$ cat final.cif   # mmCIF, C-alpha atoms
data_query
loop_
_atom_site.group_PDB
_atom_site.id
_atom_site.type_symbol
_atom_site.label_atom_id
_atom_site.label_comp_id
_atom_site.auth_asym_id
_atom_site.auth_seq_id
_atom_site.Cartn_x
_atom_site.Cartn_y
_atom_site.Cartn_z
ATOM 1 C CA MET A 1 63.224 217.242 173.818
ATOM 2 C CA ARG A 2 66.173 217.337 176.170
ATOM 3 C CA PHE A 3 66.755 215.596 179.471
ATOM 4 C CA ASP A 4 69.624 216.633 181.723
ATOM 5 C CA VAL A 5 70.431 213.902 184.233
ATOM 6 C CA LEU A 6 72.077 214.925 187.516
ATOM 7 C CA THR A 7 73.775 211.778 188.771
ATOM 8 C CA LEU A 8 76.881 210.584 190.588
ATOM 9 C CA PHE A 9 76.954 207.558 188.274
ATOM 10 C CA PRO A 10 76.485 208.626 184.632
ATOM 11 C CA GLU A 11 78.227 205.434 183.501
ATOM 12 C CA LEU A 12 75.137 203.448 184.513
ATOM 13 C CA PHE A 13 73.226 205.003 181.618
ATOM 14 C CA VAL A 14 75.701 204.303 178.807
ATOM 15 C CA PRO A 15 74.729 200.699 177.904
ATOM 16 C CA PHE A 16 71.043 201.551 178.108
ATOM 17 C CA LEU A 17 71.318 204.440 175.654
ATOM 18 C CA ALA A 18 73.269 202.331 173.153
ATOM 19 C CA ASN A 19 71.119 199.195 173.121
ATOM 20 C CA GLY A 20 67.555 198.140 172.480
ATOM 21 C CA ILE A 21 64.955 199.593 170.183
ATOM 22 C CA THR A 22 64.755 202.868 172.118
ATOM 23 C CA ARG A 23 68.367 203.634 171.162
ATOM 24 C CA ARG A 24 66.877 205.088 167.963
ATOM 25 C CA ALA A 25 65.383 207.940 169.947
ATOM 26 C CA PHE A 26 68.692 208.735 171.639
ATOM 27 C CA ALA A 27 70.893 208.245 168.557
ATOM 28 C CA SER A 28 68.661 210.492 166.440
ATOM 29 C CA GLY A 29 68.486 213.196 169.078
ATOM 30 C CA GLN A 30 64.723 212.933 169.375
ATOM 31 C CA VAL A 31 65.424 212.449 173.048
ATOM 32 C CA ASP A 32 68.602 214.383 173.763
ATOM 33 C CA VAL A 33 70.264 213.258 177.015
ATOM 34 C CA HIS A 34 73.045 215.114 178.846
ATOM 35 C CA PHE A 35 74.745 214.091 182.067
ATOM 36 C CA TRP A 36 75.906 216.255 184.933
ATOM 37 C CA ASN A 37 77.877 214.940 187.887
ATOM 38 C CA PRO A 38 77.459 216.948 191.111
ATOM 39 C CA ARG A 39 81.030 216.020 192.072
ATOM 40 C CA ASP A 40 82.262 218.272 189.294
ATOM 41 C CA PHE A 41 80.705 221.192 191.163
ATOM 42 C CA ALA A 42 81.847 220.313 194.680
ATOM 43 C CA ASP A 43 84.661 221.969 196.631
ATOM 44 C CA GLY A 44 87.885 220.518 197.925
ATOM 45 C CA ASN A 45 90.290 217.863 196.747
ATOM 46 C CA TYR A 46 87.812 215.097 197.473
ATOM 47 C CA ARG A 47 84.881 216.784 195.687
ATOM 48 C CA ARG A 48 82.627 215.908 198.569
ATOM 49 C CA VAL A 49 78.899 215.969 197.818
ATOM 50 C CA ASP A 50 77.483 214.546 201.069
ATOM 51 C CA ASP A 51 77.683 215.134 204.807
ATOM 52 C CA ARG A 52 76.206 213.886 208.060
ATOM 53 C CA PRO A 53 72.577 214.854 208.767
ATOM 54 C CA PHE A 54 71.835 217.526 211.352
ATOM 55 C CA GLY A 55 70.041 215.986 214.312
ATOM 56 C CA GLY A 56 71.949 212.747 213.961
ATOM 57 C CA GLY A 57 70.860 209.467 212.443
ATOM 58 C CA PRO A 58 72.291 206.932 210.020
ATOM 59 C CA GLY A 59 73.627 207.600 206.563
ATOM 60 C CA MET A 60 74.644 210.738 204.741
ATOM 61 C CA VAL A 61 72.735 213.535 203.009
ATOM 62 C CA MET A 62 73.572 215.077 199.639
ATOM 63 C CA MET A 63 74.583 218.707 200.095
ATOM 64 C CA ALA A 64 72.520 221.519 198.599
ATOM 65 C CA GLU A 65 75.367 223.634 197.177
ATOM 66 C CA PRO A 66 76.948 221.126 194.754
ATOM 67 C CA MET A 67 73.482 220.118 193.573
ATOM 68 C CA ALA A 68 72.477 223.753 193.028
ATOM 69 C CA ARG A 69 75.646 224.514 191.071
ATOM 70 C CA CYS A 70 75.079 221.405 188.984
ATOM 71 C CA ALA A 71 71.474 222.352 188.224
ATOM 72 C CA GLU A 72 72.412 225.920 187.313
ATOM 73 C CA ALA A 73 75.106 224.662 184.936
ATOM 74 C CA ALA A 74 72.551 222.437 183.238
ATOM 75 C CA PHE A 75 70.102 225.343 182.910
ATOM 76 C CA ALA A 76 72.829 227.538 181.441
ATOM 77 C CA ASP A 77 73.757 224.889 178.899
ATOM 78 C CA ARG A 78 70.111 224.465 177.920
ATOM 79 C CA GLY A 79 69.704 228.204 177.603
ATOM 80 C CA GLU A 80 66.487 228.141 179.611
ATOM 81 C CA ARG A 81 64.888 226.863 182.782
ATOM 82 C CA ALA A 82 63.100 223.520 182.702
ATOM 83 C CA PRO A 83 61.054 221.285 185.005
ATOM 84 C CA VAL A 84 63.141 219.577 187.684
ATOM 85 C CA VAL A 85 62.159 216.010 188.552
ATOM 86 C CA LEU A 86 63.258 214.267 191.740
ATOM 87 C CA PHE A 87 62.682 210.530 192.019
ATOM 88 C CA SER A 88 61.391 210.042 195.536
ATOM 89 C CA PRO A 89 59.138 207.736 197.600
ATOM 90 C CA ILE A 90 56.817 210.675 198.268
ATOM 91 C CA GLY A 91 56.350 211.387 194.561
ATOM 92 C CA GLU A 92 53.340 210.715 192.386
ATOM 93 C CA PRO A 93 53.343 207.159 190.979
ATOM 94 C CA LEU A 94 54.494 207.170 187.366
ATOM 95 C CA ARG A 95 51.559 206.310 185.113
ATOM 96 C CA HIS A 96 50.895 206.232 181.387
ATOM 97 C CA ALA A 97 49.134 209.617 181.349
ATOM 98 C CA ALA A 98 52.153 211.316 182.903
ATOM 99 C CA VAL A 99 54.541 209.545 180.524
ATOM 100 C CA SER A 100 52.454 210.796 177.589
ATOM 101 C CA GLU A 101 52.722 214.352 178.880
ATOM 102 C CA TRP A 102 56.482 214.115 179.326
ATOM 103 C CA SER A 103 56.855 212.556 175.867
ATOM 104 C CA ALA A 104 55.237 215.617 174.290
ATOM 105 C CA GLY A 105 57.132 218.175 176.369
ATOM 106 C CA VAL A 106 60.484 219.932 176.247
ATOM 107 C CA GLY A 107 62.163 217.547 178.681
ATOM 108 C CA ALA A 108 63.441 218.166 182.195
ATOM 109 C CA LEU A 109 66.278 217.959 184.663
ATOM 110 C CA LEU A 110 66.213 214.504 186.243
ATOM 111 C CA VAL A 111 67.710 214.484 189.734
ATOM 112 C CA CYS A 112 69.030 211.105 190.900
ATOM 113 C CA GLY A 113 69.414 211.153 194.648
ATOM 114 C CA ARG A 114 71.683 208.875 196.659
ATOM 115 C CA TYR A 115 72.431 208.058 200.304
ATOM 116 C CA GLU A 116 69.643 209.145 202.694
ATOM 117 C CA GLY A 117 68.422 211.775 200.265
ATOM 118 C CA LEU A 118 68.972 215.435 199.396
ATOM 119 C CA ASP A 119 69.127 218.514 201.578
ATOM 120 C CA GLN A 120 65.512 219.686 201.734
ATOM 121 C CA ARG A 121 66.527 223.244 200.914
ATOM 122 C CA PHE A 122 67.633 222.164 197.428
ATOM 123 C CA ILE A 123 64.331 220.346 196.955
ATOM 124 C CA ASP A 124 62.314 223.358 198.073
ATOM 125 C CA ARG A 125 64.177 225.743 195.783
ATOM 126 C CA TYR A 126 64.592 223.653 192.628
ATOM 127 C CA VAL A 127 62.348 220.613 192.402
ATOM 128 C CA THR A 128 59.058 221.090 190.538
ATOM 129 C CA HIS A 129 57.945 217.443 190.261
ATOM 130 C CA GLN A 130 58.489 214.335 192.352
ATOM 131 C CA ILE A 131 57.954 210.888 190.852
ATOM 132 C CA SER A 132 57.844 207.416 192.398
ATOM 133 C CA LEU A 133 58.031 204.010 190.723
ATOM 134 C CA GLY A 134 56.154 202.353 193.587
ATOM 135 C CA ASP A 135 56.064 201.670 197.296
ATOM 136 C CA PHE A 136 59.645 200.536 197.683
ATOM 137 C CA VAL A 137 63.030 202.205 198.053
ATOM 138 C CA LEU A 138 65.937 202.040 195.604
ATOM 139 C CA SER A 139 69.560 202.827 196.407
ATOM 140 C CA GLY A 140 69.442 205.739 193.985
ATOM 141 C CA GLY A 141 67.327 207.526 191.413
ATOM 142 C CA GLU A 142 69.174 206.204 188.372
ATOM 143 C CA LEU A 143 66.899 203.216 187.759
ATOM 144 C CA ALA A 144 63.840 205.442 188.022
ATOM 145 C CA ALA A 145 65.380 207.942 185.592
ATOM 146 C CA LEU A 146 66.096 205.094 183.177
ATOM 147 C CA ALA A 147 62.483 203.971 183.442
ATOM 148 C CA LEU A 148 61.189 207.432 182.566
ATOM 149 C CA LEU A 149 63.641 207.838 179.688
ATOM 150 C CA ASP A 150 62.669 204.447 178.248
ATOM 151 C CA ALA A 151 58.943 205.099 178.583
ATOM 152 C CA VAL A 152 59.267 208.525 176.935
ATOM 153 C CA ALA A 153 61.610 207.325 174.164
ATOM 154 C CA ARG A 154 59.335 204.519 172.980
ATOM 155 C CA LEU A 155 56.502 207.004 172.408
ATOM 156 C CA GLN A 156 58.532 209.089 169.979
ATOM 157 C CA PRO A 157 57.561 208.821 166.276
ATOM 158 C CA GLY A 158 59.550 206.226 164.353
ATOM 159 C CA VAL A 159 61.204 204.640 167.389
ATOM 160 C CA LEU A 160 59.176 201.431 167.464
ATOM 161 C CA GLY A 161 59.173 199.194 164.404
ATOM 162 C CA ASP A 162 55.382 199.485 164.142
ATOM 163 C CA ALA A 163 54.028 202.974 164.702
ATOM 164 C CA ASP A 164 50.885 201.510 166.289
ATOM 165 C CA SER A 165 52.735 199.259 168.762
ATOM 166 C CA HIS A 166 52.483 201.562 171.750
ATOM 167 C CA ALA A 167 48.773 202.123 171.106
ATOM 168 C CA GLN A 168 48.249 198.499 172.146
ATOM 169 C CA ASP A 169 50.156 198.874 175.409
ATOM 170 C CA SER A 170 48.555 198.360 178.779
ATOM 171 C CA PHE A 171 47.072 201.568 180.247
ATOM 172 C CA ASN A 172 46.877 203.260 176.844
ATOM 173 C CA PRO A 173 43.685 205.250 176.157
ATOM 174 C CA ALA A 174 43.406 203.314 172.885
ATOM 175 C CA LEU A 175 42.665 200.280 175.080
ATOM 176 C CA ASP A 176 40.464 202.375 177.363
ATOM 177 C CA GLY A 177 43.128 202.226 180.054
ATOM 178 C CA LEU A 178 42.840 198.449 180.457
ATOM 179 C CA LEU A 179 45.638 195.899 180.725
ATOM 180 C CA ASP A 180 46.712 194.267 177.480
ATOM 181 C CA CYS A 181 45.575 190.795 176.418
ATOM 182 C CA PRO A 182 47.762 187.663 176.092
ATOM 183 C CA HIS A 183 49.772 187.220 172.890
ATOM 184 C CA TYR A 184 50.765 184.074 170.963
ATOM 185 C CA THR A 185 53.074 183.175 168.079
ATOM 186 C CA ARG A 186 54.357 180.052 166.312
ATOM 187 C CA PRO A 187 54.090 177.113 166.751
ATOM 188 C CA GLU A 188 50.322 176.725 166.856
ATOM 189 C CA ILE A 189 50.663 173.915 169.400
ATOM 190 C CA TRP A 190 53.410 174.030 172.022
ATOM 191 C CA GLN A 191 53.823 171.228 174.571
ATOM 192 C CA GLY A 192 50.244 170.152 173.922
ATOM 193 C CA GLU A 193 48.736 173.620 174.363
ATOM 194 C CA ALA A 194 47.101 175.213 171.327
ATOM 195 C CA VAL A 195 46.698 178.857 170.452
ATOM 196 C CA PRO A 196 43.161 180.032 171.362
ATOM 197 C CA THR A 197 40.739 179.223 168.548
ATOM 198 C CA PRO A 198 39.475 182.792 167.933
ATOM 199 C CA LEU A 199 42.998 183.939 167.050
ATOM 200 C CA MET A 200 43.172 181.278 164.332
ATOM 201 C CA SER A 201 39.769 182.088 162.874
ATOM 202 C CA GLY A 202 40.862 184.865 160.525
ATOM 203 C CA HIS A 203 37.655 186.664 161.526
ATOM 204 C CA HIS A 204 38.672 190.192 162.488
ATOM 205 C CA ALA A 205 35.618 191.039 164.590
ATOM 206 C CA GLN A 206 35.816 187.739 166.455
ATOM 207 C CA ILE A 207 39.510 188.256 167.167
ATOM 208 C CA GLU A 208 38.970 191.779 168.435
ATOM 209 C CA ARG A 209 36.093 190.685 170.678
ATOM 210 C CA TRP A 210 38.242 187.880 172.149
ATOM 211 C CA ARG A 211 41.024 190.352 172.847
ATOM 212 C CA ARG A 212 38.600 192.817 174.421
ATOM 213 C CA GLU A 213 37.175 190.150 176.722
ATOM 214 C CA GLN A 214 40.656 189.018 177.676
ATOM 215 C CA ARG A 215 41.603 192.578 178.555
ATOM 216 C CA LEU A 216 38.463 192.968 180.634
ATOM 217 C CA THR A 217 39.062 189.659 182.415
ATOM 218 C CA ILE A 218 42.710 190.309 183.240
ATOM 219 C CA THR A 219 42.046 193.876 184.336
ATOM 220 C CA ALA A 220 39.079 192.880 186.516
ATOM 221 C CA LEU A 221 41.163 190.196 188.214
ATOM 222 C CA ARG A 222 44.462 192.057 188.546
ATOM 223 C CA ARG A 223 43.662 195.772 188.576
ATOM 224 C CA PRO A 224 39.942 196.252 189.264
ATOM 225 C CA GLU A 225 40.461 199.960 189.918
ATOM 226 C CA LEU A 226 41.235 200.369 186.204
ATOM 227 C CA ILE A 227 37.809 198.947 185.391
ATOM 228 C CA ASP A 228 36.251 201.498 187.734
ATOM 229 C CA ALA A 229 38.203 204.301 186.058
ATOM 230 C CA ALA A 230 37.168 203.177 182.573
ATOM 231 C CA ARG A 231 33.549 202.984 183.700
ATOM 232 C CA ALA A 232 33.674 206.449 185.258
ATOM 233 C CA GLU A 233 35.048 207.860 182.002
ATOM 234 C CA GLY A 234 32.301 206.189 179.956
ATOM 235 C CA ARG A 235 34.742 203.907 178.126
ATOM 236 C CA LEU A 236 32.896 200.621 178.754
ATOM 237 C CA GLN A 237 30.276 199.498 176.263
ATOM 238 C CA THR A 238 27.011 197.764 177.177
ATOM 239 C CA ARG A 239 28.472 194.520 175.884
ATOM 240 C CA ASP A 240 31.508 195.021 178.143
ATOM 241 C CA GLU A 241 29.304 195.473 181.195
ATOM 242 C CA GLN A 242 27.318 192.356 180.345
ATOM 243 C CA PHE A 243 30.538 190.389 180.036
ATOM 244 C CA LEU A 244 31.783 191.710 183.389
ATOM 245 C CA GLN A 245 28.506 190.743 185.059
ATOM 246 C CA GLU A 246 28.871 187.200 183.749
ATOM 247 C CA LEU A 247 32.467 187.189 184.915
ATOM 248 C CA ARG A 248 31.433 188.225 188.435
ATOM 249 C CA ARG A 249 28.833 185.468 188.537
ATOM 250 C CA GLY A 250 31.547 182.980 187.683
ATOM 251 C CA ALA A 251 29.848 181.941 184.472
ATOM 252 C CA LEU A 252 33.084 182.352 182.465
#
$ encode --input "final.cif" --output "C-alpha cells"
Amino acid sequence: MRFDVLTLFPELFVPFLANGITRRAFASGQVDVHFWNPRDFADGNYRRVDDRPFGGGPGMVMMAEPMARCAEAAFADRGERAPVVLFSPIGEPLRHAAVSEWSAGVGALLVCGRYEGLDQRFIDRYVTHQISLGDFVLSGGELAALALLDAVARLQPGVLGDADSHAQDSFNPALDGLLDCPHYTRPEIWQGEAVPTPLMSGHHAQIERWRREQRLTITALRRPELIDAARAEGRLQTRDEQFLQELRRGAL
C-alpha cells in the first residue's frame, strides 16, 4: 500500500519512520510513504500557501490552489486516484475497525492541515474521508497522520515480532472488542506486590478465564459502551454475563 502525505513539515515524519518496530513496514515497502509539500506548488518568491479568511477573523487559511496542485502531483506519481483523508475535528473518530480496513487497502493521500484550516472548496472537491483522533484540537494534522500510519503499519504481516501480538490488542475482534487485560513480567514479587496467582498456575484454562474476567471488568468500568456493543453482536457468553451481574452487584 502507498500513503502520500501532504504536509508543510515532512521532516516531522523522518525519525518516526526510521525507529521502532513499525520501521520494518516502512523499510520493506509494505507501507510505502511519500511526502508532498504544498509550498513546492505555490506561486511567488515566498511560496505562500495561506491567506487571510474572507469575512475576517483570527488566523490564516490554507489556500485551495497549492493544495490542489499538490494533490494532483501525488495522484500523477501514483498513476491513479486514491482516497483523500483530511484529519479534522469533524471527522469520524479513528477506531480499530477503520484501521483494519485501511491496513488492507491500497493506501491514501493524507492531508495535514495547518493554521485555521483549509479552504472549504479544496475539501469539497478532493477530500473523501475525514478522521478525528478525539474531541480536541491539534496545531496540525501531522500527529494524526503519524497515528494512522503507525496503527496501519503494525497490522502488516511480519512487522511485529509475534504474528499474534496485534490479535491481543484492545478493541480487536479476537478479544470481542473489549479492552485488554493487565500484563506482568519478572520479578514475581515487586515491592511487596505479587503477580496474580492464576498467571502462575500453569493452567491454561484458568489463565484464560482470569484474563477474560479482567478484560470484562476493565471494559465495564472504563468503556461500558464496548460491553454493550459486544452484547449486541452476540459476543458475550453466558458465563460472561453472569460475571458482569456479579460485578454490578459489587460481589467482586
$ residues_around --input "final.cif" --residues "Ile131 of chain A" --least-positions-apart "6" --cutoff "9 Å" --atoms "all atoms listed in the file" --output "JSON, numbers by chain"
{"A": [85, 86, 87, 88, 89, 90, 91, 92, 93, 94, 144]}
$ resolve_selection --input "final.cif" --expression "the PyMOL selection byres ((chain A and resi 4) around 10)" --output "list in words"
Arg2, Phe3, Val5, Leu6, Thr7, Asp32, Val33, His34, Phe35, Trp36, Ala71, Ala74, Phe75, Asp77, Arg78, Ala82, Val84, Gly107, Ala108, Leu109, Leu110 and Val111 of chain A
$ closest_residue --input "final.cif" --among "A:Glu80, A:Ser132, A:Gly140, A:Val152" --to "Glu101 of chain A" --atoms "only C-alpha atoms"
A:Val152
$ residues_around --input "final.cif" --residues "Leu178 of chain A" --least-positions-apart "5" --cutoff "9 Å" --atoms "only C-alpha atoms" --output "short mmCIF file (atom, residue, chain, number, x, y, z; two decimals) with C-alpha atoms, keeping the file's coordinate frame"
data_model
loop_
_atom_site.label_atom_id
_atom_site.label_comp_id
_atom_site.auth_asym_id
_atom_site.auth_seq_id
_atom_site.Cartn_x
_atom_site.Cartn_y
_atom_site.Cartn_z
CA ASP A 169 50.16 198.87 175.41
CA SER A 170 48.56 198.36 178.78
CA PHE A 171 47.07 201.57 180.25
CA ASN A 172 46.88 203.26 176.84
CA PRO A 173 43.68 205.25 176.16
CA ARG A 215 41.60 192.58 178.56
CA LEU A 216 38.46 192.97 180.63
CA ILE A 218 42.71 190.31 183.24
CA THR A 219 42.05 193.88 184.34
CA ARG A 223 43.66 195.77 188.58
CA LEU A 226 41.24 200.37 186.20
CA ILE A 227 37.81 198.95 185.39
CA ALA A 230 37.17 203.18 182.57
#
$ closest_residue --input "final.cif" --among "A:Tyr184, A:Asp176, A:Ala229, A:Leu118" --to "Met60 of chain A" --atoms "all atoms listed in the file"
A:Leu118
$ residues_around --input "final.cif" --residues "segment 234-245 of chain A" --least-positions-apart "6" --cutoff "9 Å" --atoms "only C-alpha atoms" --output "list in words"
Asp176, Gly177, Arg212, Glu213, Leu216, Thr217, Ala220, Ile227, Ala251 and Leu252 of chain A
$ axis_aligned_box --input "final.cif" --around "segment 204-221 of chain A" --padding-each-side "3 Å" --output "JSON"
{"center_x": 39.2, "center_y": 190.8, "center_z": 175.4, "size_x": 13.1, "size_y": 12.1, "size_z": 31.7}
$ resolve_selection --input "final.cif" --expression "the PyMOL selection byres ((chain A and resi 100) around 12)" --output "list in words"
Leu94, Arg95, His96, Ala97, Ala98, Val99, Glu101, Trp102, Ser103, Ala104, Gly105, Gly107, Leu148, Leu149, Ala151, Val152, Ala153, Arg154, Leu155, Gln156, His166, Ala167, Phe171, Asn172 and Pro173 of chain A
$ atom_distance --input "final.cif" --atom1 "atom CA of Glu208 of chain A" --atom2 "atom CA of Glu246 of chain A"
18.9 Å
$ resolve_selection --input "final.cif" --expression "the PyMOL selection byres ((chain A and resi 122) around 9)" --output "ChimeraX atom specification"
/A:63-65,67-68,118-121,123-127
$ closest_residue --input "final.cif" --among "A:Phe9, A:Leu179, A:Arg186, A:Met1" --to "Gly141 of chain A" --atoms "all atoms listed in the file"
A:Phe9
$ residues_around --input "final.cif" --residues "Val49 of chain A" --least-positions-apart "4" --cutoff "7 Å" --atoms "all atoms listed in the file" --output "number ranges by chain"
A: 38-39, 42, 62-63, 66
$ atom_distance --input "final.cif" --atom1 "atom CA of Leu160 of chain A" --atom2 "atom CA of Ala18 of chain A"
15.2 Å
$ closest_residue --input "final.cif" --among "A:Glu188, A:Glu142, A:Glu116, A:Glu233" --to "Asp50 of chain A" --atoms "only C-alpha atoms"
A:Glu116
$ closest_residue --input "final.cif" --among "A:Leu8, A:Leu143, A:Phe54, A:Gln130" --to "Arg114 of chain A" --atoms "all atoms listed in the file"
A:Leu8
$ closest_residue --input "final.cif" --among "A:Val195, A:Leu146, A:Ala73, A:Ala232" --to "Phe13 of chain A" --atoms "all atoms listed in the file"
A:Leu146
$ atom_distance --input "final.cif" --atom1 "atom CA of Leu221 of chain A" --atom2 "atom CA of Ala194 of chain A"
23.3 Å
$ build_atoms --input "final.cif" --residues "segment 235-244 of chain A" --atoms "all heavy atoms" --output "short mmCIF file (atom, residue, chain, number, x, y, z; two decimals), keeping the file's coordinate frame"
data_model
loop_
_atom_site.label_atom_id
_atom_site.label_comp_id
_atom_site.auth_asym_id
_atom_site.auth_seq_id
_atom_site.Cartn_x
_atom_site.Cartn_y
_atom_site.Cartn_z
N ARG A 235 34.01 204.66 179.14
CA ARG A 235 34.74 203.91 178.13
C ARG A 235 34.22 202.48 177.93
O ARG A 235 34.58 201.82 176.96
CB ARG A 235 36.23 203.86 178.48
CG ARG A 235 36.92 205.22 178.43
CD ARG A 235 38.39 205.10 178.82
NE ARG A 235 39.08 206.36 178.70
CZ ARG A 235 39.66 206.81 177.60
NH1 ARG A 235 39.62 206.08 176.49
NH2 ARG A 235 40.28 207.97 177.57
N LEU A 236 33.40 201.99 178.85
CA LEU A 236 32.90 200.62 178.75
C LEU A 236 31.58 200.59 177.98
O LEU A 236 30.67 201.38 178.23
CB LEU A 236 32.69 200.02 180.15
CG LEU A 236 33.95 199.88 181.00
CD1 LEU A 236 33.61 199.18 182.31
CD2 LEU A 236 35.05 199.14 180.26
N GLN A 237 31.48 199.66 177.05
CA GLN A 237 30.28 199.50 176.26
C GLN A 237 29.28 198.62 177.02
O GLN A 237 29.63 197.93 177.99
CB GLN A 237 30.63 198.86 174.92
CG GLN A 237 31.73 199.58 174.16
CD GLN A 237 32.33 198.72 173.06
OE1 GLN A 237 31.82 197.64 172.73
NE2 GLN A 237 33.43 199.18 172.49
N THR A 238 28.04 198.62 176.56
CA THR A 238 27.01 197.76 177.18
C THR A 238 27.44 196.30 177.13
O THR A 238 27.28 195.57 178.11
CB THR A 238 25.66 197.94 176.45
OG1 THR A 238 25.25 199.30 176.53
CG2 THR A 238 24.60 197.04 177.08
N ARG A 239 28.02 195.90 176.02
CA ARG A 239 28.47 194.52 175.88
C ARG A 239 29.60 194.21 176.87
O ARG A 239 29.71 193.10 177.40
CB ARG A 239 28.94 194.29 174.45
CG ARG A 239 29.18 192.82 174.11
CD ARG A 239 29.49 192.68 172.64
NE ARG A 239 29.75 191.29 172.27
CZ ARG A 239 30.07 190.87 171.06
NH1 ARG A 239 30.17 191.77 170.07
NH2 ARG A 239 30.29 189.59 170.81
N ASP A 240 30.44 195.20 177.15
CA ASP A 240 31.51 195.02 178.14
C ASP A 240 30.91 194.79 179.52
O ASP A 240 31.34 193.90 180.27
CB ASP A 240 32.41 196.25 178.19
CG ASP A 240 33.19 196.47 176.91
OD1 ASP A 240 33.43 195.49 176.18
OD2 ASP A 240 33.57 197.63 176.64
N GLU A 241 29.93 195.59 179.88
CA GLU A 241 29.30 195.47 181.20
C GLU A 241 28.60 194.12 181.35
O GLU A 241 28.66 193.50 182.42
CB GLU A 241 28.31 196.61 181.42
CG GLU A 241 28.94 198.00 181.49
CD GLU A 241 29.73 198.25 182.78
OE1 GLU A 241 29.98 197.28 183.53
OE2 GLU A 241 30.08 199.41 183.03
N GLN A 242 27.96 193.67 180.29
CA GLN A 242 27.32 192.36 180.34
C GLN A 242 28.35 191.26 180.56
O GLN A 242 28.13 190.34 181.36
CB GLN A 242 26.53 192.11 179.05
CG GLN A 242 25.33 193.01 178.88
CD GLN A 242 24.67 192.87 177.52
OE1 GLN A 242 25.26 192.31 176.58
NE2 GLN A 242 23.45 193.37 177.39
N PHE A 243 29.47 191.37 179.87
CA PHE A 243 30.54 190.39 180.04
C PHE A 243 31.07 190.41 181.47
O PHE A 243 31.30 189.35 182.08
CB PHE A 243 31.66 190.67 179.04
CG PHE A 243 32.84 189.74 179.19
CD1 PHE A 243 32.81 188.48 178.61
CD2 PHE A 243 33.96 190.13 179.91
CE1 PHE A 243 33.89 187.61 178.75
CE2 PHE A 243 35.04 189.26 180.05
CZ PHE A 243 35.01 188.00 179.47
N LEU A 244 31.27 191.59 182.02
CA LEU A 244 31.78 191.71 183.39
C LEU A 244 30.80 191.15 184.41
O LEU A 244 31.20 190.55 185.42
CB LEU A 244 32.10 193.18 183.70
CG LEU A 244 33.33 193.75 182.99
CD1 LEU A 244 33.39 195.26 183.16
CD2 LEU A 244 34.61 193.10 183.50
#
